Amino acid sequence: MKSQSRVNNVIYHDENVTHQIASILKMEETLLKQKIAYLQDVTDPGTTSEYEQGRQQLSDKLDTLRRSVKMDLVSRDDITLRTRARFEQSLRATSVTEEEACLIQDYLRIEATMLTKSGEAVSDLHAALFDADESTRKQALLSIEEAFRMKESVIQPLFSRLVELRQARATASGKIGYEELAFAELGRVDYTSQDVNHYAAIIQSEFLPVKRQFQREQQTFLGKHALHPWDVRQSAYTQIDHHVTDSDTSFLDQTQAILKSVHPYFAEVLKDMRQINHLDIDARSNKAGGGFCEYLPVEQQSFLFMNRIHTFDDLVIFMHEIGHAVHHDAMKETYDGLQPIPLEVGEFAAMSLELLTMNEWHQVISDKKDVARAKLEQIRSIVEFLPETIIVDRFQSWLYAYPDHDPTERHAYYADLRESYDTDVIDWSETPDWKGHAWMSVIHLFETPFYYIEYAIAQIAALQVYHRFTKDPDQTLKDFIAALALSQTHLIQDVYARAGVSFLPSDTEMNELMAFLEGQIEIWTNELEKAY
């Protein structure tokens, strides 16, 4: 273990504070390890009991100690204005109730163990959505939809209760509504909910036309008059012949080689995690879905969790999570456990790693046309996903602005948002309900409310980094790593500026970025055509 006392003496110059922070970090790490063990098998009674007991015994104690330290520090002159603002904001926030925490765990258990009518695990069906055979894709999506519909009678009242409890906490803390409280809980002092409008406008005006173009290409490729929801992961670029193997060891060797080619520092971060076995990457029954990379502050190491489905997407997802690990390592000397890692910077780091590694994908893709396909698919998937970030963000704003809504209105509003912030290319006629019901599969709405717009903010910043990287890779990487180190102590705008990119980019900057992206798409499309 590296000296945490030295680190925090540098920040707060106080031996007593350093001692208290050491206790905070120890409790935080204990809870994180219990959470990881639980998510590795959500049906294991031992780890489930340990996790639930840990939350009950340590969560309140951790919150109390954090509040005590913040209250001591907030009046001092030797902390930055931003840190003071974040402390003051979080001190006005309230703690998640035990009932909320239990409801969240109930949802995670439902989602991880959900079965179709025929008894098939829903978690096993996601890979089928990438299948080249349309009947396989269609059946997989219909089965997933059916499974959620079978659980709707449980999920709907569970979520209604979550909305009610969150709104009650907001009222008790003197907030206008839960959105304001959520911003406080997330430590957002660098921008407001009104700034989110800027990103909604950018995505609507700049990215929807590109998404529509990709979808028209999908129609041509699939030979269909209309695309259906089960077609969204199929394009002319998804069938990539690659050499990412089934073996965990080989997969990690390959990803480490790619990272080393981009920057040796990135590879060292992965190497350290491998040495202490801080990776769980294979999909298993009863393992929670999704992926994450948690920072263990006492060890000053990250733990990476994901579910490989043995498609090329595994590589991209892994690079995303390693981006979080790189971020953790870069900012470890200023991490104090008192305030959350800014998600806008964390996702920026992760999404940037996806793009920064693209030029090394030839190490696992031997054919030039497949390299071009992979790059086109990476950009297509980004453009495909960006409208989802706005849909989910606007949905959350509505949920808590109108907390007395009923479940039917929830479905209707989610469908309306898809009409406003997505293209008109998808034909929902065979799955009309899923258009409004799909929100039930968005874990963030249950577990981490209002954590979604960060994806849009960070993705647009990551695209700017990639643009810089193509012109000056060495300086871009130097600036990028230096920027990540500032994330606990500086404004998000300042972190982005240190990386050479803009928060709330101007029309001129967006025009330049979109021209670059469209140029890259044209280059890769030409490479693909030449290869044929």
# chains A, B, ... in the order shown; residues from 1 in each chain; ligands from 1

$ select_by_dssp --residues "stretch 130-252 of chain A" --states "alpha helix (DSSP H)" --output "CSV table (one decimal) with N, CA, C and O atoms, in the first residue's frame"
chain,number,residue,atom,x,y,z
A,134,GLU,N,-31.5,-13.0,-39.0
A,134,GLU,CA,-32.5,-12.1,-38.5
A,134,GLU,C,-33.5,-12.8,-37.6
A,134,GLU,O,-33.9,-12.3,-36.6
A,135,SER,N,-33.8,-14.0,-37.9
A,135,SER,CA,-34.8,-14.8,-37.1
A,135,SER,C,-34.2,-15.0,-35.7
A,135,SER,O,-35.0,-14.9,-34.7
A,136,THR,N,-32.9,-15.2,-35.6
A,136,THR,CA,-32.3,-15.3,-34.2
A,136,THR,C,-32.3,-14.0,-33.5
A,136,THR,O,-32.7,-14.0,-32.3
A,137,ARG,N,-32.0,-12.9,-34.1
A,137,ARG,CA,-32.0,-11.6,-33.5
A,137,ARG,C,-33.4,-11.3,-33.0
A,137,ARG,O,-33.7,-10.8,-31.9
A,138,LYS,N,-34.4,-11.5,-33.9
A,138,LYS,CA,-35.8,-11.2,-33.6
A,138,LYS,C,-36.3,-11.9,-32.4
A,138,LYS,O,-36.9,-11.4,-31.5
A,139,GLN,N,-36.0,-13.2,-32.4
A,139,GLN,CA,-36.5,-14.1,-31.3
A,139,GLN,C,-35.8,-13.6,-30.0
A,139,GLN,O,-36.5,-13.6,-29.0
A,140,ALA,N,-34.6,-13.3,-30.1
A,140,ALA,CA,-33.9,-12.8,-28.9
A,140,ALA,C,-34.5,-11.6,-28.3
A,140,ALA,O,-34.8,-11.5,-27.1
A,141,LEU,N,-34.8,-10.6,-29.1
A,141,LEU,CA,-35.4,-9.3,-28.7
A,141,LEU,C,-36.8,-9.6,-28.1
A,141,LEU,O,-37.2,-9.1,-27.1
A,142,LEU,N,-37.6,-10.4,-28.9
A,142,LEU,CA,-38.9,-10.6,-28.4
A,142,LEU,C,-38.9,-11.4,-27.1
A,142,LEU,O,-39.8,-11.1,-26.3
A,143,SER,N,-38.0,-12.3,-26.9
A,143,SER,CA,-37.9,-13.0,-25.7
A,143,SER,C,-37.5,-12.1,-24.5
A,143,SER,O,-38.0,-12.2,-23.4
A,144,ILE,N,-36.6,-11.1,-24.8
A,144,ILE,CA,-36.2,-10.2,-23.8
A,144,ILE,C,-37.3,-9.3,-23.4
A,144,ILE,O,-37.6,-9.1,-22.2
A,145,GLU,N,-38.1,-8.8,-24.4
A,145,GLU,CA,-39.2,-8.0,-24.2
A,145,GLU,C,-40.3,-8.8,-23.3
A,145,GLU,O,-40.8,-8.2,-22.4
A,146,GLU,N,-40.5,-10.0,-23.7
A,146,GLU,CA,-41.5,-10.9,-23.0
A,146,GLU,C,-41.1,-11.1,-21.5
A,146,GLU,O,-41.9,-11.0,-20.6
A,147,ALA,N,-39.8,-11.3,-21.3
A,147,ALA,CA,-39.3,-11.5,-19.9
A,147,ALA,C,-39.5,-10.2,-19.1
A,147,ALA,O,-40.0,-10.4,-17.9
A,148,PHE,N,-39.3,-9.0,-19.6
A,148,PHE,CA,-39.5,-7.8,-18.9
A,148,PHE,C,-41.0,-7.6,-18.6
A,148,PHE,O,-41.4,-7.1,-17.6
A,149,ARG,N,-41.8,-8.0,-19.6
A,149,ARG,CA,-43.3,-7.8,-19.5
A,149,ARG,C,-43.8,-8.8,-18.4
A,149,ARG,O,-44.7,-8.4,-17.6
A,150,MET,N,-43.2,-10.0,-18.3
A,150,MET,CA,-43.6,-10.9,-17.2
A,150,MET,C,-43.2,-10.4,-15.8
A,150,MET,O,-43.9,-10.7,-14.9
A,151,LYS,N,-42.2,-9.6,-15.8
A,151,LYS,CA,-41.7,-9.0,-14.5
A,151,LYS,C,-42.3,-7.6,-14.2
A,151,LYS,O,-42.0,-7.0,-13.2
A,152,GLU,N,-43.0,-7.1,-15.2
A,152,GLU,CA,-43.5,-5.7,-15.1
A,152,GLU,C,-44.3,-5.4,-13.8
A,152,GLU,O,-44.2,-4.4,-13.2
A,153,SER,N,-45.1,-6.4,-13.4
A,153,SER,CA,-45.9,-6.3,-12.2
A,153,SER,C,-45.1,-6.1,-11.0
A,153,SER,O,-45.6,-5.6,-10.0
A,154,VAL,N,-43.8,-6.5,-11.0
A,154,VAL,CA,-42.9,-6.3,-9.9
A,154,VAL,C,-42.1,-5.1,-10.1
A,154,VAL,O,-41.9,-4.3,-9.1
A,155,ILE,N,-41.6,-4.8,-11.3
A,155,ILE,CA,-40.7,-3.7,-11.6
A,155,ILE,C,-41.4,-2.4,-11.4
A,155,ILE,O,-40.9,-1.4,-10.9
A,156,GLN,N,-42.7,-2.3,-11.9
A,156,GLN,CA,-43.4,-1.0,-11.9
A,156,GLN,C,-43.6,-0.5,-10.5
A,156,GLN,O,-43.3,0.7,-10.2
A,157,PRO,N,-44.2,-1.3,-9.6
A,157,PRO,CA,-44.4,-0.7,-8.3
A,157,PRO,C,-43.1,-0.5,-7.5
A,157,PRO,O,-43.0,0.5,-6.7
A,158,LEU,N,-42.1,-1.3,-7.8
A,158,LEU,CA,-40.7,-1.1,-7.2
A,158,LEU,C,-40.2,0.3,-7.6
A,158,LEU,O,-39.7,1.1,-6.8
A,159,PHE,N,-40.3,0.6,-8.9
A,159,PHE,CA,-39.8,1.9,-9.4
A,159,PHE,C,-40.7,3.0,-8.9
A,159,PHE,O,-40.1,4.1,-8.6
A,160,SER,N,-42.0,2.9,-8.9
A,160,SER,CA,-42.8,3.9,-8.3
A,160,SER,C,-42.5,4.3,-6.9
A,160,SER,O,-42.5,5.4,-6.5
A,161,ARG,N,-42.1,3.2,-6.1
A,161,ARG,CA,-41.7,3.5,-4.7
A,161,ARG,C,-40.4,4.2,-4.7
A,161,ARG,O,-40.2,5.1,-3.8
A,162,LEU,N,-39.5,3.9,-5.6
A,162,LEU,CA,-38.2,4.6,-5.6
A,162,LEU,C,-38.4,6.0,-5.9
A,162,LEU,O,-37.8,6.9,-5.3
A,163,VAL,N,-39.3,6.4,-6.9
A,163,VAL,CA,-39.5,7.7,-7.2
A,163,VAL,C,-40.1,8.5,-6.0
A,163,VAL,O,-39.7,9.6,-5.6
A,164,GLU,N,-41.1,7.8,-5.3
A,164,GLU,CA,-41.7,8.4,-4.1
A,164,GLU,C,-40.7,8.6,-3.0
A,164,GLU,O,-40.7,9.7,-2.4
A,165,LEU,N,-39.8,7.7,-2.8
A,165,LEU,CA,-38.8,7.8,-1.7
A,165,LEU,C,-37.8,8.9,-2.0
A,165,LEU,O,-37.4,9.7,-1.2
A,166,ARG,N,-37.4,9.0,-3.3
A,166,ARG,CA,-36.4,10.0,-3.7
A,166,ARG,C,-37.0,11.4,-3.6
A,166,ARG,O,-36.4,12.4,-3.2
A,167,GLN,N,-38.3,11.5,-4.0
A,167,GLN,CA,-39.0,12.8,-4.0
A,167,GLN,C,-39.1,13.2,-2.5
A,167,GLN,O,-39.0,14.4,-2.2
A,168,ALA,N,-39.4,12.3,-1.6
A,168,ALA,CA,-39.6,12.6,-0.2
A,168,ALA,C,-38.3,13.1,0.4
A,168,ALA,O,-38.3,14.1,1.2
A,169,ARG,N,-37.1,12.5,0.0
A,169,ARG,CA,-35.8,13.0,0.5
A,169,ARG,C,-35.6,14.4,0.0
A,169,ARG,O,-35.0,15.3,0.7
A,170,ALA,N,-36.0,14.7,-1.3
A,170,ALA,CA,-35.8,16.0,-1.9
A,170,ALA,C,-36.6,17.1,-1.1
A,170,ALA,O,-36.0,18.1,-0.7
A,171,THR,N,-37.8,16.7,-0.8
A,171,THR,CA,-38.7,17.7,0.0
A,171,THR,C,-38.1,17.9,1.4
A,171,THR,O,-38.0,19.0,1.8
A,172,ALA,N,-37.6,16.8,2.0
A,172,ALA,CA,-37.1,16.9,3.3
A,172,ALA,C,-35.8,17.8,3.4
A,172,ALA,O,-35.5,18.4,4.4
A,178,TYR,N,-36.4,16.1,-6.9
A,178,TYR,CA,-35.3,15.2,-6.8
A,178,TYR,C,-34.1,15.5,-7.8
A,178,TYR,O,-33.0,15.2,-7.4
A,179,GLU,N,-34.4,16.1,-8.9
A,179,GLU,CA,-33.3,16.4,-9.8
A,179,GLU,C,-32.3,17.3,-9.2
A,179,GLU,O,-31.1,17.1,-9.3
A,180,GLU,N,-32.8,18.3,-8.5
A,180,GLU,CA,-31.9,19.2,-7.8
A,180,GLU,C,-31.1,18.5,-6.7
A,180,GLU,O,-29.8,18.7,-6.6
A,181,LEU,N,-31.7,17.6,-6.0
A,181,LEU,CA,-31.0,16.8,-5.0
A,181,LEU,C,-30.0,15.9,-5.6
A,181,LEU,O,-28.9,15.7,-5.1
A,182,ALA,N,-30.4,15.2,-6.7
A,182,ALA,CA,-29.5,14.3,-7.4
A,182,ALA,C,-28.2,15.0,-7.9
A,182,ALA,O,-27.1,14.4,-7.8
A,183,PHE,N,-28.4,16.3,-8.4
A,183,PHE,CA,-27.2,17.0,-8.8
A,183,PHE,C,-26.3,17.2,-7.6
A,183,PHE,O,-25.0,17.1,-7.7
A,184,ALA,N,-26.9,17.5,-6.4
A,184,ALA,CA,-26.0,17.6,-5.2
A,184,ALA,C,-25.4,16.3,-4.8
A,184,ALA,O,-24.2,16.3,-4.5
A,185,GLU,N,-26.1,15.2,-4.9
A,185,GLU,CA,-25.6,13.9,-4.5
A,185,GLU,C,-24.4,13.5,-5.5
A,185,GLU,O,-23.5,12.8,-5.1
A,196,VAL,N,-27.5,21.1,-19.9
A,196,VAL,CA,-27.8,19.8,-20.6
A,196,VAL,C,-28.5,20.1,-21.9
A,196,VAL,O,-28.4,19.4,-22.9
A,197,ASN,N,-29.3,21.2,-22.0
A,197,ASN,CA,-30.0,21.6,-23.2
A,197,ASN,C,-29.1,21.7,-24.4
A,197,ASN,O,-29.4,21.4,-25.5
A,198,HIS,N,-27.8,22.2,-24.1
A,198,HIS,CA,-26.8,22.4,-25.1
A,198,HIS,C,-26.5,21.1,-25.8
A,198,HIS,O,-26.4,21.0,-27.0
A,199,TYR,N,-26.3,20.1,-25.0
A,199,TYR,CA,-26.0,18.7,-25.6
A,199,TYR,C,-27.2,18.1,-26.3
A,199,TYR,O,-27.0,17.5,-27.3
A,200,ALA,N,-28.4,18.3,-25.8
A,200,ALA,CA,-29.5,17.8,-26.5
A,200,ALA,C,-29.6,18.4,-27.9
A,200,ALA,O,-29.9,17.8,-28.9
A,201,ALA,N,-29.4,19.7,-28.0
A,201,ALA,CA,-29.4,20.5,-29.2
A,201,ALA,C,-28.3,20.0,-30.2
A,201,ALA,O,-28.6,19.8,-31.4
A,202,ILE,N,-27.1,19.8,-29.7
A,202,ILE,CA,-26.0,19.3,-30.5
A,202,ILE,C,-26.3,17.9,-31.1
A,202,ILE,O,-26.1,17.7,-32.3
A,208,LEU,N,-28.0,13.3,-35.3
A,208,LEU,CA,-29.1,12.5,-35.9
A,208,LEU,C,-29.0,12.4,-37.4
A,208,LEU,O,-29.3,11.3,-37.9
A,209,PRO,N,-28.5,13.4,-38.1
A,209,PRO,CA,-28.4,13.2,-39.6
A,209,PRO,C,-27.4,12.1,-39.9
A,209,PRO,O,-27.6,11.3,-40.9
A,210,VAL,N,-26.3,12.0,-39.2
A,210,VAL,CA,-25.3,11.0,-39.4
A,210,VAL,C,-25.8,9.6,-39.0
A,210,VAL,O,-25.6,8.6,-39.7
A,211,LYS,N,-26.6,9.5,-37.9
A,211,LYS,CA,-27.2,8.3,-37.5
A,211,LYS,C,-28.2,7.8,-38.6
A,211,LYS,O,-28.2,6.6,-38.9
A,212,ARG,N,-29.0,8.7,-39.1
A,212,ARG,CA,-29.9,8.4,-40.2
A,212,ARG,C,-29.2,7.8,-41.4
A,212,ARG,O,-29.6,6.9,-42.0
A,213,GLN,N,-28.0,8.4,-41.7
A,213,GLN,CA,-27.2,8.0,-42.9
A,213,GLN,C,-26.8,6.5,-42.6
A,213,GLN,O,-26.8,5.7,-43.5
A,214,PHE,N,-26.3,6.2,-41.4
A,214,PHE,CA,-25.8,4.9,-41.1
A,214,PHE,C,-27.0,3.9,-41.2
A,214,PHE,O,-26.8,2.8,-41.6
A,215,GLN,N,-28.2,4.3,-40.7
A,215,GLN,CA,-29.3,3.4,-40.7
A,215,GLN,C,-29.8,3.1,-42.1
A,215,GLN,O,-30.2,2.0,-42.4
A,216,ARG,N,-29.7,4.1,-43.0
A,216,ARG,CA,-30.0,3.8,-44.4
A,216,ARG,C,-29.1,2.8,-45.0
A,216,ARG,O,-29.5,2.0,-45.8
A,217,GLU,N,-27.8,2.9,-44.6
A,217,GLU,CA,-26.8,1.9,-45.1
A,217,GLU,C,-27.2,0.5,-44.5
A,217,GLU,O,-27.0,-0.5,-45.2
A,218,GLN,N,-27.6,0.5,-43.3
A,218,GLN,CA,-28.0,-0.8,-42.7
A,218,GLN,C,-29.2,-1.4,-43.5
A,218,GLN,O,-29.2,-2.6,-43.7
A,219,GLN,N,-30.1,-0.6,-43.9
A,219,GLN,CA,-31.3,-1.1,-44.7
A,219,GLN,C,-30.8,-1.7,-46.0
A,219,GLN,O,-31.2,-2.8,-46.3
A,220,THR,N,-29.9,-1.0,-46.6
A,220,THR,CA,-29.3,-1.5,-47.9
A,220,THR,C,-28.6,-2.8,-47.7
A,220,THR,O,-28.8,-3.8,-48.4
A,221,PHE,N,-27.8,-2.8,-46.6
A,221,PHE,CA,-27.0,-4.0,-46.3
A,221,PHE,C,-27.9,-5.2,-46.0
A,221,PHE,O,-27.6,-6.4,-46.5
A,222,LEU,N,-28.9,-5.0,-45.2
A,222,LEU,CA,-29.8,-6.1,-44.8
A,222,LEU,C,-30.9,-6.4,-45.9
A,222,LEU,O,-31.6,-7.4,-45.8
A,248,ASP,N,-9.2,-16.2,-21.5
A,248,ASP,CA,-9.0,-14.9,-20.7
A,248,ASP,C,-7.5,-14.4,-20.8
A,248,ASP,O,-7.3,-13.2,-21.0
A,249,THR,N,-6.6,-15.4,-20.6
A,249,THR,CA,-5.2,-15.0,-20.6
A,249,THR,C,-4.8,-14.4,-22.0
A,249,THR,O,-4.1,-13.4,-22.0
A,250,SER,N,-5.2,-15.1,-23.0
A,250,SER,CA,-4.8,-14.6,-24.4
A,250,SER,C,-5.5,-13.2,-24.7
A,250,SER,O,-4.9,-12.3,-25.2
A,251,PHE,N,-6.7,-13.1,-24.2
A,251,PHE,CA,-7.5,-11.8,-24.4
A,251,PHE,C,-6.7,-10.7,-23.7
A,251,PHE,O,-6.5,-9.6,-24.3
A,252,LEU,N,-6.3,-10.9,-22.5
A,252,LEU,CA,-5.6,-9.9,-21.7
A,252,LEU,C,-4.2,-9.6,-22.3
A,252,LEU,O,-3.7,-8.5,-22.3

$ select_by_dssp --residues "stretch 258-314 of chain A" --states "strand (DSSP E)" --output "ChimeraX atom specification"
/A:279-282,292-296,301-308

$ residues_around --residues "A:Val501" --least-positions-apart "3" --cutoff "7 Å" --atoms "only C-alpha atoms" --output "VMD selection string"
chain A and resid 461 464 to 465 496 to 497

$ residues_around --residues "stretch 308-319 of chain A" --least-positions-apart "5" --cutoff "7 Å" --atoms "only C-alpha atoms" --output "VMD selection string"
chain A and resid 127 246 281 to 283 353 to 354

$ write_last_selection --atoms "all heavy atoms" --output "CSV table (one decimal), in the first residue's frame"
chain,number,residue,atom,x,y,z
A,127,ALA,N,-26.0,-11.6,-26.6
A,127,ALA,CA,-25.1,-11.9,-27.7
A,127,ALA,C,-25.9,-12.2,-29.0
A,127,ALA,O,-25.4,-12.0,-30.1
A,127,ALA,CB,-24.2,-13.1,-27.3
A,246,ASP,N,-11.1,-16.9,-27.0
A,246,ASP,CA,-12.0,-17.2,-25.9
A,246,ASP,C,-11.2,-17.3,-24.6
A,246,ASP,O,-11.7,-17.1,-23.5
A,246,ASP,CB,-12.6,-18.6,-26.1
A,246,ASP,CG,-13.7,-18.5,-27.2
A,246,ASP,OD1,-14.1,-17.4,-27.5
A,246,ASP,OD2,-14.1,-19.6,-27.6
A,281,ILE,N,-13.8,-11.0,-16.0
A,281,ILE,CA,-14.3,-10.6,-17.3
A,281,ILE,C,-15.2,-11.5,-18.1
A,281,ILE,O,-15.8,-11.2,-19.1
A,281,ILE,CB,-13.1,-10.2,-18.2
A,281,ILE,CG1,-12.2,-11.5,-18.5
A,281,ILE,CG2,-12.3,-9.1,-17.6
A,281,ILE,CD1,-11.0,-11.2,-19.4
A,282,ASP,N,-15.3,-12.8,-17.6
A,282,ASP,CA,-16.2,-13.7,-18.3
A,282,ASP,C,-17.6,-13.7,-17.8
A,282,ASP,O,-17.9,-13.5,-16.6
A,282,ASP,CB,-15.6,-15.1,-18.1
A,282,ASP,CG,-14.8,-15.6,-19.3
A,282,ASP,OD1,-14.9,-14.9,-20.4
A,282,ASP,OD2,-14.2,-16.6,-19.3
A,283,ALA,N,-18.6,-13.9,-18.7
A,283,ALA,CA,-20.0,-14.0,-18.4
A,283,ALA,C,-20.3,-15.3,-17.7
A,283,ALA,O,-19.7,-16.4,-18.2
A,283,ALA,CB,-20.8,-13.8,-19.6
A,353,LEU,N,-10.2,6.2,-24.4
A,353,LEU,CA,-9.4,5.0,-24.6
A,353,LEU,C,-9.9,4.1,-25.7
A,353,LEU,O,-9.2,3.5,-26.4
A,353,LEU,CB,-9.3,4.2,-23.3
A,353,LEU,CG,-7.9,4.2,-22.5
A,353,LEU,CD1,-6.8,3.5,-23.2
A,353,LEU,CD2,-7.5,5.7,-22.3
A,354,GLU,N,-11.2,4.0,-25.8
A,354,GLU,CA,-11.8,3.3,-26.9
A,354,GLU,C,-11.3,3.8,-28.3
A,354,GLU,O,-10.9,3.1,-29.1
A,354,GLU,CB,-13.4,3.4,-26.9
A,354,GLU,CG,-14.1,2.8,-25.8
A,354,GLU,CD,-15.6,3.0,-25.9
A,354,GLU,OE1,-16.1,3.1,-27.0
A,354,GLU,OE2,-16.2,3.2,-24.8

$ residues_around --residues "A:Lys70" --least-positions-apart "3" --cutoff "10 Å" --atoms "only C-alpha atoms" --output "PDB file with N, CA and C atoms, in the first residue's frame"
ATOM      1  N   VAL A  17      -7.164  15.234  10.092  1.00  0.00           N
ATOM      2  CA  VAL A  17      -7.954  15.015   8.884  1.00  0.00           C
ATOM      3  C   VAL A  17      -7.417  13.801   8.123  1.00  0.00           C
ATOM      4  N   THR A  64     -21.611   9.546   7.929  1.00  0.00           N
ATOM      5  CA  THR A  64     -21.450  10.422   9.100  1.00  0.00           C
ATOM      6  C   THR A  64     -20.025  10.958   9.191  1.00  0.00           C
ATOM      7  N   LEU A  65     -19.055  10.084   8.994  1.00  0.00           N
ATOM      8  CA  LEU A  65     -17.656  10.506   9.072  1.00  0.00           C
ATOM      9  C   LEU A  65     -17.310  11.476   7.943  1.00  0.00           C
ATOM     10  N   ARG A  66     -17.799  11.185   6.749  1.00  0.00           N
ATOM     11  CA  ARG A  66     -17.558  12.110   5.630  1.00  0.00           C
ATOM     12  C   ARG A  66     -18.128  13.491   5.946  1.00  0.00           C
ATOM     13  N   ARG A  67     -19.353  13.524   6.438  1.00  0.00           N
ATOM     14  CA  ARG A  67     -19.996  14.800   6.755  1.00  0.00           C
ATOM     15  C   ARG A  67     -19.204  15.543   7.821  1.00  0.00           C
ATOM     16  N   LEU A  73     -13.757  21.032   7.315  1.00  0.00           N
ATOM     17  CA  LEU A  73     -12.933  21.615   6.257  1.00  0.00           C
ATOM     18  C   LEU A  73     -13.586  22.807   5.565  1.00  0.00           C
ATOM     19  N   VAL A  74     -14.912  22.821   5.524  1.00  0.00           N
ATOM     20  CA  VAL A  74     -15.604  23.772   4.665  1.00  0.00           C
ATOM     21  C   VAL A  74     -15.357  25.227   5.060  1.00  0.00           C
ATOM     22  N   SER A  75     -15.010  25.468   6.330  1.00  0.00           N
ATOM     23  CA  SER A  75     -14.781  26.859   6.770  1.00  0.00           C
ATOM     24  C   SER A  75     -13.313  27.264   6.685  1.00  0.00           C
ATOM     25  N   THR A  83     -13.807  23.040  -4.217  1.00  0.00           N
ATOM     26  CA  THR A  83     -13.931  21.988  -3.215  1.00  0.00           C
ATOM     27  C   THR A  83     -14.927  22.405  -2.144  1.00  0.00           C
ATOM     28  N   ARG A  84     -14.845  23.658  -1.723  1.00  0.00           N
ATOM     29  CA  ARG A  84     -15.796  24.152  -0.722  1.00  0.00           C
ATOM     30  C   ARG A  84     -17.227  24.052  -1.262  1.00  0.00           C
ATOM     31  N   ARG A  86     -18.403  22.036  -3.524  1.00  0.00           N
ATOM     32  CA  ARG A  86     -18.832  20.638  -3.594  1.00  0.00           C
ATOM     33  C   ARG A  86     -19.169  20.109  -2.203  1.00  0.00           C
ATOM     34  N   PHE A  87     -18.358  20.479  -1.218  1.00  0.00           N
ATOM     35  CA  PHE A  87     -18.625  20.040   0.151  1.00  0.00           C
ATOM     36  C   PHE A  87     -19.956  20.618   0.645  1.00  0.00           C
ATOM     37  N   GLU A  88     -20.145  21.915   0.409  1.00  0.00           N
ATOM     38  CA  GLU A  88     -21.373  22.553   0.878  1.00  0.00           C
ATOM     39  C   GLU A  88     -22.600  21.925   0.222  1.00  0.00           C
ATOM     40  N   SER A  90     -22.862  18.850  -1.047  1.00  0.00           N
ATOM     41  CA  SER A  90     -23.095  17.483  -0.577  1.00  0.00           C
ATOM     42  C   SER A  90     -23.588  17.456   0.862  1.00  0.00           C
ATOM     43  N   LEU A  91     -23.204  18.438   1.659  1.00  0.00           N
ATOM     44  CA  LEU A  91     -23.694  18.511   3.043  1.00  0.00           C
ATOM     45  C   LEU A  91     -25.190  18.793   3.089  1.00  0.00           C
ATOM     46  N   LEU A 338     -13.796  11.888  -0.049  1.00  0.00           N
ATOM     47  CA  LEU A 338     -14.798  12.820   0.461  1.00  0.00           C
ATOM     48  C   LEU A 338     -15.805  13.236  -0.592  1.00  0.00           C
ATOM     49  N   GLN A 339     -15.416  13.146  -1.841  1.00  0.00           N
ATOM     50  CA  GLN A 339     -16.299  13.564  -2.917  1.00  0.00           C
ATOM     51  C   GLN A 339     -16.163  12.582  -4.071  1.00  0.00           C
TER      52      GLN A 339
END

$ closest_residue --among "A:Leu270, A:Val42, A:His362, A:Asp370" --to "A:Glu111" --atoms "only C-alpha atoms"
A:Val42
